[in-house]
$ cat start15.txt   # compact mmCIF, C-alpha atoms
# COMPACT_ATOMS: atom_id res chain seq x y z
CA MET A 29 94.24 101.29 126.75
CA ILE A 30 97.92 100.57 126.45
CA VAL A 31 100.32 101.70 123.76
CA CYS A 32 103.63 99.86 123.60
CA CYS A 33 106.63 101.92 122.58
CA LEU A 34 109.45 99.79 121.26
CA ASP A 35 113.00 100.68 120.43
CA MET A 36 113.96 99.43 116.96
CA GLU A 37 117.68 98.56 116.79
CA GLY A 38 118.52 95.84 119.29
CA VAL A 39 114.86 95.04 119.96
CA LEU A 40 113.44 94.41 116.47
CA THR A 41 116.36 94.78 114.08
CA PRO A 42 120.16 94.61 114.12
CA GLU A 43 122.16 97.82 114.53
CA ILE A 44 122.17 99.58 111.16
CA TRP A 45 125.49 101.44 111.44
CA ILE A 46 127.30 98.24 112.49
CA GLU A 47 125.93 96.48 109.42
CA VAL A 48 126.92 99.39 107.17
CA ALA A 49 130.40 99.39 108.73
CA GLU A 50 130.77 95.69 108.04
CA LYS A 51 129.46 95.73 104.51
CA THR A 52 131.49 98.80 103.51
CA LYS A 53 134.53 97.55 105.49
CA ILE A 54 134.94 101.02 107.04
CA LYS A 55 135.71 100.29 110.67
CA GLU A 56 135.27 103.89 111.78
CA LEU A 57 131.55 103.66 111.04
CA ARG A 58 131.30 101.31 114.01
CA LEU A 59 131.70 104.28 116.35
CA THR A 60 128.69 104.73 118.60
CA THR A 61 127.68 107.21 121.29
CA ARG A 62 129.60 104.98 123.67
CA ASP A 63 132.80 106.07 121.89
CA LEU A 64 131.74 109.61 121.08
CA PRO A 65 129.02 110.70 123.51
CA ASP A 66 128.14 113.90 121.60
CA TYR A 67 125.55 112.66 119.09
CA ASP A 68 125.93 115.66 116.82
CA ALA A 69 129.71 115.24 116.64
CA LEU A 70 129.24 111.51 115.98
CA MET A 71 126.77 112.08 113.13
CA ARG A 72 128.90 114.78 111.52
CA ARG A 73 131.86 112.38 111.66
CA ARG A 74 129.81 109.60 110.10
CA LEU A 75 128.55 111.82 107.28
CA LYS A 76 132.11 113.03 106.62
CA ILE A 77 133.41 109.45 106.46
CA LEU A 78 130.64 108.46 104.05
CA ARG A 79 131.44 111.36 101.75
CA GLU A 80 135.20 110.69 101.86
CA ASN A 81 134.54 107.10 100.86
CA GLY A 82 132.11 108.00 98.08
CA ILE A 83 129.20 106.30 99.86
CA LYS A 84 125.83 107.82 98.99
CA LEU A 85 122.43 107.35 100.61
CA LYS A 86 121.44 104.91 97.91
CA ASP A 87 124.50 102.75 98.71
CA ILE A 88 123.51 102.57 102.37
CA ARG A 89 119.94 101.77 101.40
CA ARG A 90 121.27 98.91 99.30
CA VAL A 91 123.02 97.47 102.37
CA ILE A 92 119.90 97.94 104.49
CA ALA A 93 117.65 96.36 101.85
CA LYS A 94 119.51 93.10 102.47
CA MET A 95 119.12 93.27 106.23
CA GLU A 96 116.47 91.24 108.01
CA PRO A 97 114.69 91.91 111.30
CA LEU A 98 116.05 89.93 114.25
CA PRO A 99 114.93 86.27 114.15
CA GLY A 100 111.46 86.03 115.70
CA ALA A 101 110.87 89.80 115.72
CA ARG A 102 108.03 89.73 113.17
CA LYS A 103 106.18 86.97 114.99
CA PHE A 104 106.60 88.77 118.32
CA LEU A 105 105.40 92.05 116.83
CA ASP A 106 102.37 90.44 115.16
CA ALA A 107 101.35 88.85 118.45
CA LEU A 108 101.77 92.15 120.31
CA ARG A 109 99.91 94.19 117.66
CA ALA A 110 96.99 91.75 117.76
CA ARG A 111 96.54 92.73 121.41
CA GLN A 112 97.51 96.39 121.70
CA GLU A 113 98.75 99.41 119.85
CA VAL A 114 102.46 99.59 119.07
CA ILE A 115 104.64 102.52 118.08
CA VAL A 116 108.31 102.04 117.29
CA LEU A 117 110.37 104.90 118.74
CA SER A 118 113.82 105.09 117.25
CA ASP A 119 116.77 107.45 116.85
CA THR A 120 117.31 106.16 113.32
CA TYR A 121 116.12 107.80 110.09
CA TYR A 122 113.10 107.05 107.94
CA GLU A 123 115.35 106.76 104.89
CA PHE A 124 117.18 103.90 106.60
CA ALA A 125 114.35 102.21 108.43
CA MET A 126 111.59 101.88 105.85
CA PRO A 127 112.72 98.60 104.22
CA LEU A 128 113.01 96.99 107.66
CA MET A 129 109.62 98.35 108.73
CA GLU A 130 108.09 96.78 105.65
CA LYS A 131 109.53 93.41 106.62
CA LEU A 132 108.04 93.90 110.07
CA GLY A 133 104.52 94.54 108.74
CA ARG A 134 104.73 98.34 108.78
CA PRO A 135 104.28 99.22 112.44
CA ALA A 136 104.03 102.97 113.09
CA LEU A 137 107.50 104.49 113.43
CA PHE A 138 108.46 107.81 114.99
CA CYS A 139 112.06 108.69 114.16
CA ASN A 140 114.22 111.26 112.35
CA TRP A 141 115.10 112.05 108.74
CA LEU A 142 117.93 112.87 106.37
CA SER A 143 118.44 115.25 103.50
CA THR A 144 120.77 114.63 100.58
CA ASP A 145 122.70 116.97 98.34
CA GLN A 146 122.42 117.04 94.55
CA LYS A 147 124.97 114.26 94.20
CA GLY A 148 123.06 111.98 96.54
CA PHE A 149 125.37 112.23 99.55
CA ILE A 150 123.71 112.61 102.92
CA ALA A 151 124.08 116.33 103.60
CA ARG A 152 122.25 116.71 106.90
CA TYR A 153 120.34 114.82 109.54
CA HIS A 154 117.18 116.24 111.08
CA LEU A 155 116.09 115.32 114.58
CA ARG A 156 112.32 115.48 114.95
CA GLN A 157 112.99 116.98 118.36
CA LYS A 158 115.45 116.64 121.24
CA ASN A 159 114.87 113.57 123.43
CA GLY A 160 112.34 112.35 120.88
CA LYS A 161 111.62 108.98 122.50
CA GLU A 162 110.87 110.39 125.92
CA ALA A 163 108.79 113.25 124.48
CA ALA A 164 106.72 110.81 122.41
CA VAL A 165 105.94 108.72 125.51
CA ARG A 166 104.88 111.83 127.39
CA ALA A 167 102.71 112.97 124.46
CA LEU A 168 100.95 109.59 124.36
CA LYS A 169 100.32 109.73 128.10
CA ASN A 170 98.93 113.24 127.69
CA ILE A 171 96.32 112.06 125.22
CA GLY A 172 95.01 109.39 127.55
CA PHE A 173 97.07 106.25 126.95
CA LYS A 174 98.92 104.07 129.39
CA VAL A 175 102.36 103.52 127.93
CA LYS A 176 104.66 100.54 128.24
CA ALA A 177 108.12 100.80 126.73
CA ALA A 178 110.89 98.39 125.85
CA GLY A 179 114.47 99.13 124.90
CA ASP A 180 117.98 97.80 125.22
CA SER A 181 120.35 100.69 125.62
CA TYR A 182 121.32 104.02 127.18
CA ASN A 183 119.27 106.06 124.74
CA ASP A 184 116.13 104.17 125.84
CA LEU A 185 116.38 104.86 129.56
CA ALA A 186 114.53 108.21 129.53
CA MET A 187 111.73 106.59 127.51
CA LEU A 188 111.53 103.69 129.99
CA GLU A 189 111.48 106.12 132.90
CA ALA A 190 108.72 108.22 131.32
CA ALA A 191 106.51 105.19 130.61
CA ASP A 192 104.05 103.60 133.03
CA GLY A 193 106.09 100.42 132.70
CA GLY A 194 109.60 99.95 131.35
CA VAL A 195 111.18 96.69 130.18
CA LEU A 196 114.76 95.98 129.13
CA PHE A 197 115.39 93.55 126.29
CA ARG A 198 118.83 91.91 126.17
CA PRO A 199 120.56 94.93 127.73
CA PRO A 200 124.28 95.17 128.44
CA ALA A 201 124.92 93.76 131.95
CA LYS A 202 126.00 97.23 133.12
CA ILE A 203 122.59 98.75 132.35
CA ALA A 204 120.67 95.84 133.87
CA ARG A 205 122.68 96.21 137.08
CA ALA A 206 122.33 99.99 137.23
CA PHE A 207 118.55 99.98 136.66
CA PRO A 208 117.14 97.08 138.67
CA ARG A 209 113.63 98.63 138.57
CA PHE A 210 113.28 97.66 134.90
CA LYS A 211 112.42 94.05 134.28
CA VAL A 212 115.05 92.33 132.13
CA THR A 213 113.84 90.04 129.32
CA LYS A 214 116.05 87.90 127.14
CA ASN A 215 113.71 86.47 124.51
CA TYR A 216 110.52 87.45 122.71
CA PRO A 217 108.06 85.28 124.66
CA ALA A 218 109.30 86.92 127.88
CA LEU A 219 109.14 90.39 126.34
CA LEU A 220 105.60 89.76 125.09
CA LYS A 221 104.54 88.59 128.51
CA ALA A 222 106.06 91.67 130.16
CA LEU A 223 104.22 94.00 127.78
CA ILE A 224 100.70 92.57 127.80
CA MET P 299 108.17 114.33 108.16
CA ILE P 300 104.44 113.98 107.67
CA VAL P 301 102.02 111.86 109.67
CA CYS P 302 98.63 111.27 108.07
CA CYS P 303 95.70 111.08 110.46
CA LEU P 304 92.74 109.29 108.92
CA ASP P 305 89.20 108.93 110.14
CA MET P 306 88.08 105.28 110.06
CA GLU P 307 84.33 105.01 109.40
CA GLY P 308 83.44 106.58 106.06
CA VAL P 309 87.08 106.80 104.99
CA LEU P 310 88.37 103.24 105.43
CA THR P 311 85.39 101.21 106.62
CA PRO P 312 81.59 101.37 106.56
CA GLU P 313 79.74 102.85 109.55
CA ILE P 314 79.70 100.18 112.26
CA TRP P 315 76.47 101.18 114.05
CA ILE P 316 74.57 101.27 110.74
CA GLU P 317 75.75 97.75 109.98
CA VAL P 318 74.82 96.55 113.47
CA ALA P 319 71.38 98.19 113.10
CA GLU P 320 70.82 96.40 109.80
CA LYS P 321 72.04 93.00 110.91
CA THR P 322 70.12 93.10 114.20
CA LYS P 323 67.09 94.72 112.50
CA ILE P 324 66.90 97.30 115.32
CA LYS P 325 66.18 100.55 113.53
CA GLU P 326 66.83 102.71 116.57
CA LEU P 327 70.51 101.76 116.48
CA ARG P 328 70.74 103.83 113.30
CA LEU P 329 70.55 107.00 115.40
CA THR P 330 73.65 109.15 115.03
CA THR P 331 74.85 112.42 116.53
CA ARG P 332 72.91 114.08 113.74
CA ASP P 333 69.71 112.88 115.43
CA LEU P 334 70.89 113.14 119.01
CA PRO P 335 73.74 115.66 119.20
CA ASP P 336 74.68 114.80 122.80
CA TYR P 337 77.14 111.92 122.34
CA ASP P 338 76.84 110.70 125.90
CA ALA P 339 73.04 110.58 125.67
CA LEU P 340 73.33 108.77 122.33
CA MET P 341 75.72 106.13 123.66
CA ARG P 342 73.65 105.53 126.80
CA ARG P 343 70.62 105.07 124.58
CA ARG P 344 72.48 102.63 122.34
CA LEU P 345 73.74 100.58 125.29
CA LYS P 346 70.20 100.50 126.75
CA ILE P 347 68.77 99.29 123.43
CA LEU P 348 71.40 96.57 123.17
CA ARG P 349 70.65 95.32 126.67
CA GLU P 350 66.88 95.39 126.11
CA ASN P 351 67.34 93.30 122.99
CA GLY P 352 69.71 90.83 124.63
CA ILE P 353 72.60 91.85 122.38
CA LYS P 354 76.01 91.34 123.99
CA LEU P 355 79.43 92.59 122.93
CA LYS P 356 80.22 89.20 121.42
CA ASP P 357 77.10 89.46 119.20
CA ILE P 358 78.21 92.82 117.88
CA ARG P 359 81.69 91.48 117.32
CA ARG P 360 80.18 88.66 115.29
CA VAL P 361 78.48 91.22 113.02
CA ILE P 362 81.68 93.24 112.70
CA ALA P 363 83.76 90.14 111.96
CA LYS P 364 81.79 89.80 108.72
CA MET P 365 82.31 93.42 107.70
CA GLU P 366 84.92 94.36 105.13
CA PRO P 367 86.84 97.60 104.70
CA LEU P 368 85.50 99.87 101.93
CA PRO P 369 86.46 98.60 98.47
CA GLY P 370 89.96 99.84 97.65
CA ALA P 371 90.70 100.99 101.20
CA ARG P 372 93.45 98.43 101.84
CA LYS P 373 95.23 99.21 98.59
CA PHE P 374 95.01 102.96 99.28
CA LEU P 375 96.30 102.50 102.81
CA ASP P 376 99.19 100.29 101.72
CA ALA P 377 100.26 102.89 99.15
CA LEU P 378 100.04 105.68 101.74
CA ARG P 379 101.91 103.72 104.42
CA ALA P 380 104.71 102.93 101.99
CA ARG P 381 105.31 106.69 101.77
CA GLN P 382 104.52 108.14 105.17
CA GLU P 383 103.36 107.36 108.67
CA VAL P 384 99.63 106.83 109.19
CA ILE P 385 97.56 106.89 112.36
CA VAL P 386 93.85 106.16 112.26
CA LEU P 387 91.96 108.52 114.60
CA SER P 388 88.48 107.31 115.35
CA ASP P 389 85.63 107.80 117.80
CA THR P 390 84.91 104.06 117.69
CA TYR P 391 86.07 101.44 120.22
CA TYR P 392 88.98 99.03 120.08
CA GLU P 393 86.61 96.15 120.83
CA PHE P 394 84.73 96.96 117.62
CA ALA P 395 87.53 98.07 115.37
CA MET P 396 90.19 95.39 115.77
CA PRO P 397 88.87 92.87 113.19
CA LEU P 398 88.62 95.66 110.60
CA MET P 399 92.09 96.94 111.46
CA GLU P 400 93.47 93.47 110.88
CA LYS P 401 91.91 93.41 107.41
CA LEU P 402 93.54 96.78 106.76
CA GLY P 403 97.04 95.54 107.67
CA ARG P 404 97.00 96.77 111.27
CA PRO P 405 97.60 100.51 110.96
CA ALA P 406 98.02 102.27 114.32
CA LEU P 407 94.64 103.21 115.77
CA PHE P 408 93.88 105.77 118.47
CA CYS P 409 90.29 105.41 119.67
CA ASN P 410 88.19 104.58 122.76
CA TRP P 411 87.22 101.44 124.64
CA LEU P 412 84.36 99.55 126.25
CA SER P 413 83.84 97.58 129.40
CA THR P 414 81.39 94.74 129.80
CA ASP P 415 79.48 93.41 132.78
CA GLN P 416 79.66 89.83 134.02
CA LYS P 417 76.97 88.73 131.58
CA GLY P 418 78.85 90.17 128.61
CA PHE P 419 76.66 93.21 127.98
CA ILE P 420 78.46 96.47 127.25
CA ALA P 421 78.27 98.28 130.56
CA ARG P 422 80.24 101.45 129.85
CA TYR P 423 82.15 103.28 127.18
CA HIS P 424 85.41 105.04 127.96
CA LEU P 425 86.58 108.05 125.97
CA ARG P 426 90.35 108.27 125.88
CA GLN P 427 89.87 112.00 126.28
CA LYS P 428 87.50 114.75 125.11
CA ASN P 429 88.00 115.85 121.50
CA GLY P 430 90.38 112.95 121.06
CA LYS P 431 91.02 113.39 117.34
CA GLU P 432 91.94 117.05 117.60
CA ALA P 433 94.09 116.47 120.68
CA ALA P 434 95.99 113.67 118.96
CA VAL P 435 96.77 115.92 115.99
CA ARG P 436 98.03 118.64 118.33
CA ALA P 437 100.14 116.13 120.25
CA LEU P 438 101.75 114.89 117.02
CA LYS P 439 102.51 118.47 115.95
CA ASN P 440 104.04 119.12 119.38
CA ILE P 441 106.52 116.28 118.94
CA GLY P 442 107.78 117.62 115.63
CA PHE P 443 105.56 116.16 112.90
CA LYS P 444 103.70 117.88 110.13
CA VAL P 445 100.18 116.46 110.17
CA LYS P 446 97.78 115.92 107.31
CA ALA P 447 94.29 114.74 108.15
CA ALA P 448 91.39 113.27 106.22
CA GLY P 449 87.81 112.76 107.32
CA ASP P 450 84.26 112.80 106.07
CA SER P 451 82.04 114.17 108.78
CA TYR P 452 81.26 116.74 111.48
CA ASN P 453 83.32 114.95 114.11
CA ASP P 454 86.39 115.30 111.88
CA LEU P 455 86.31 119.05 111.38
CA ALA P 456 88.29 119.98 114.52
CA MET P 457 90.96 117.44 113.53
CA LEU P 458 91.11 118.88 109.99
CA GLU P 459 91.38 122.40 111.40
CA ALA P 460 94.16 121.43 113.79
CA ALA P 461 96.21 119.71 111.06
CA ASP P 462 98.69 121.40 108.72
CA GLY P 463 96.49 120.22 105.86
CA GLY P 464 92.90 118.92 105.96
CA VAL P 465 91.16 116.89 103.26
CA LEU P 466 87.52 115.82 103.04
CA PHE P 467 86.69 112.40 101.63
CA ARG P 468 83.18 111.92 100.21
CA PRO P 469 81.65 114.43 102.67
CA PRO P 470 77.95 115.34 102.78
CA ALA P 471 77.35 118.27 100.38
CA LYS P 472 76.48 120.50 103.33
CA ILE P 473 79.92 120.07 104.91
CA ALA P 474 81.76 120.55 101.62
CA ARG P 475 79.88 123.82 101.04
CA ALA P 476 80.40 125.09 104.57
CA PHE P 477 84.16 124.37 104.63
CA PRO P 478 85.51 125.33 101.20
CA ARG P 479 89.07 125.56 102.59
CA PHE P 480 89.27 121.75 102.81
CA LYS P 481 89.94 120.00 99.52
CA VAL P 482 87.17 117.55 98.65
CA THR P 483 88.18 114.14 97.30
CA LYS P 484 85.82 111.48 96.03
CA ASN P 485 87.99 108.45 95.40
CA TYR P 486 91.18 106.89 96.79
CA PRO P 487 93.60 107.97 94.05
CA ALA P 488 92.53 111.60 94.63
CA LEU P 489 92.80 111.19 98.42
CA LEU P 490 96.27 109.65 98.09
CA LYS P 491 97.38 112.52 95.86
CA ALA P 492 96.05 115.08 98.34
CA LEU P 493 97.92 113.45 101.24
CA ILE P 494 101.38 112.89 99.76
$ encode --input "start15.txt" --output "structure tokens"
Amino acid sequence: MIVCCLDMEGVLTPEIWIEVAEKTKIKELRLTTRDLPDYDALMRRRLKILRENGIKLKDIRRVIAKMEPLPGARKFLDALRARQEVIVLSDTYYEFAMPLMEKLGRPALFCNWLSTDQKGFIARYHLRQKNGKEAAVRALKNIGFKVKAAGDSYNDLAMLEAADGGVLFRPPAKIARAFPRFKVTKNYPALLKALI
Amino acid sequence: MIVCCLDMEGVLTPEIWIEVAEKTKIKELRLTTRDLPDYDALMRRRLKILRENGIKLKDIRRVIAKMEPLPGARKFLDALRARQEVIVLSDTYYEFAMPLMEKLGRPALFCNWLSTDQKGFIARYHLRQKNGKEAAVRALKNIGFKVKAAGDSYNDLAMLEAADGGVLFRPPAKIARAFPRFKVTKNYPALLKALI
């Protein structure tokens, strides 16, 4: 039996931090690991910026509540889930992702979480574990599943490598060129076909 | 973050083999591991009975297609999934369970599978692994989750033991007496309260 592990942002939903940056008009929140490769440094910077601008978790959740999954994502996911098990593996946080998951029909999601201080500012982020996507794929293989995985970015490559089959969805050209062993798909029908 | 692992039959749906026994009027299909403790012997017997009575996988699926989840199960599951991740851990087979999972809003399901012969009879059953429920709980704990588990029967006890918190739902009196460390719940509001 196959379990499909899907990245969330870029595959099923838009990038959350980009949307928050746009809606709050704070350009610095657009920083990604491409700009600041140390994830911990990046997250600390983000949390500092939020606090300096008086932006609390509930404000971010208000932005996210208005976000929609990528066009066609729900239909793709329904078709995939009718055929095999799906787990969304993401580096995001439950506190951010839940409204989007609801719009996607509540697929299982393995990600990270946040804690807030008494005023409602995000005080800390909690990684479930290091290299959480890759470790989840390995854990699923260990309990007897075949695993297919789909992602779009650098933080998905270890997950794609660990899976029995890895698929790229709308990746940057650089990644597609550097990892020719992963099939590249550009729309949901092609992604569905590659996964089933 | 908590993942809830739920048994399927007895917690979310009726017992499938009992329903098949009733609808096909073959009493021997009512046998359970309580009558024949060796699961492999039990399953071989079941498959033999099916073949002798000309019952193919598609006939069983027709019976299951008319089954409904237990009254209130969908509402309970929706309320639980709005709060935390849920994975259904079952000893059943995907080929049986899928129509019921659809009626339950497609929660993630880890179970086993069947293969059929050219005529459509069930030829073999495939366990994902031995002690699949317990192993899945341990795998989830290993990737950084707290795990709560709920079940109703003997085959759930190892899963309940392995979890950070185990809850019994409408168990036989014998099990409730023998395992006083597991909270006993008798309806969905109580089960929901015990899990969140």
$ interface_residues --input "start15.txt" --of "chain P" --to "chain A" --cutoff "8 Å" --atoms "all atoms listed in the file" --output "JSON, numbers by chain"
{"P": [299, 379, 380, 383, 384, 385, 396, 400, 403, 404, 405, 406, 407, 410, 411, 426, 427, 430, 433, 434, 437, 438, 441, 442, 443]}
$ atom_distance --input "start15.txt" --atom1 "CA of Leu98 in chain A" --atom2 "CA of Lys55 in chain A"
22.5 Å
$ atom_distance --input "start15.txt" --atom1 "CA of Lys444 in chain P" --atom2 "CA of Gly463 in chain P"
8.7 Å
$ atom_distance --input "start15.txt" --atom1 "CA of Leu455 in chain P" --atom2 "CA of Pro478 in chain P"
12.0 Å
$ closest_residue --input "start15.txt" --among "A:Ile150, A:Leu59, A:Leu132, A:Val39" --to "Leu85 in chain A" --atoms "only C-alpha atoms"
A:Ile150
$ axis_aligned_box --input "start15.txt" --around "range 31-42 of chain A" --padding-each-side "6 Å" --output "JSON"
{"center_x": 110.2, "center_y": 98.2, "center_z": 118.9, "size_x": 31.8, "size_y": 19.5, "size_z": 21.7}
$ residues_around --input "start15.txt" --residues "Ala69 in chain A" --least-positions-apart "6" --cutoff "12 Å" --atoms "all atoms listed in the file" --output "PyMOL selection string"
chain A and resi 59-61+63+75-76+153
$ residues_around --input "start15.txt" --residues "range 359-363 of chain P" --least-positions-apart "3" --cutoff "12 Å" --atoms "only C-alpha atoms" --output "number ranges by chain"
P: 311-323, 353-356, 366-367, 391-401, 418-420
$ residues_around --input "start15.txt" --residues "Phe104 in chain A" --least-positions-apart "5" --cutoff "9 Å" --atoms "only C-alpha atoms" --output "PyMOL selection string"
chain A and resi 109+216-217+219-220
$ write_last_selection --input "start15.txt" --atoms "C-alpha atoms" --output "PDB file, keeping the file's coordinate frame"
ATOM      1  CA  ARG A 109      99.910  94.190 117.660  1.00  0.00           C
ATOM      2  CA  TYR A 216     110.520  87.450 122.710  1.00  0.00           C
ATOM      3  CA  PRO A 217     108.060  85.280 124.660  1.00  0.00           C
ATOM      4  CA  LEU A 219     109.140  90.390 126.340  1.00  0.00           C
ATOM      5  CA  LEU A 220     105.600  89.760 125.090  1.00  0.00           C
TER       6      LEU A 220
END
$ residues_around --input "start15.txt" --residues "Glu189 in chain A" --least-positions-apart "4" --cutoff "10 Å" --atoms "only C-alpha atoms" --output "list of chain:residue names"
A:Glu162, A:Val165, A:Lys176, A:Ala177, A:Asp184, A:Leu185, A:Gly193, A:Gly194, A:Val195, A:Arg209, A:Phe210
$ closest_residue --input "start15.txt" --among "P:Gly449, P:Lys491, P:Asp357, P:Arg328" --to "Leu387 in chain P" --atoms "only C-alpha atoms"
P:Gly449
$ decode --input "start15.txt" --residues "range 42-59 of chain A" --atoms "C-alpha atoms" --output "mmCIF file, in the first residue's frame"
data_model
loop_
_atom_site.group_PDB
_atom_site.id
_atom_site.type_symbol
_atom_site.label_atom_id
_atom_site.label_comp_id
_atom_site.auth_asym_id
_atom_site.auth_seq_id
_atom_site.Cartn_x
_atom_site.Cartn_y
_atom_site.Cartn_z
ATOM 1 C CA PRO A 42 0.446 29.560 -1.476
ATOM 2 C CA GLU A 43 3.465 30.473 0.655
ATOM 3 C CA ILE A 44 2.153 31.709 4.003
ATOM 4 C CA TRP A 45 4.988 34.089 4.933
ATOM 5 C CA ILE A 46 4.821 35.777 1.518
ATOM 6 C CA GLU A 47 1.099 36.368 2.004
ATOM 7 C CA VAL A 48 1.662 37.705 5.523
ATOM 8 C CA ALA A 49 4.420 39.986 4.208
ATOM 9 C CA GLU A 50 2.103 41.344 1.544
ATOM 10 C CA LYS A 51 -0.913 41.848 3.750
ATOM 11 C CA THR A 52 1.093 43.469 6.563
ATOM 12 C CA LYS A 53 3.231 45.414 4.040
ATOM 13 C CA ILE A 54 6.396 44.371 5.926
ATOM 14 C CA LYS A 55 8.830 43.497 3.172
ATOM 15 C CA GLU A 56 11.345 41.895 5.513
ATOM 16 C CA LEU A 57 8.900 39.075 6.219
ATOM 17 C CA ARG A 58 9.491 37.932 2.646
ATOM 18 C CA LEU A 59 12.905 36.612 3.678
#
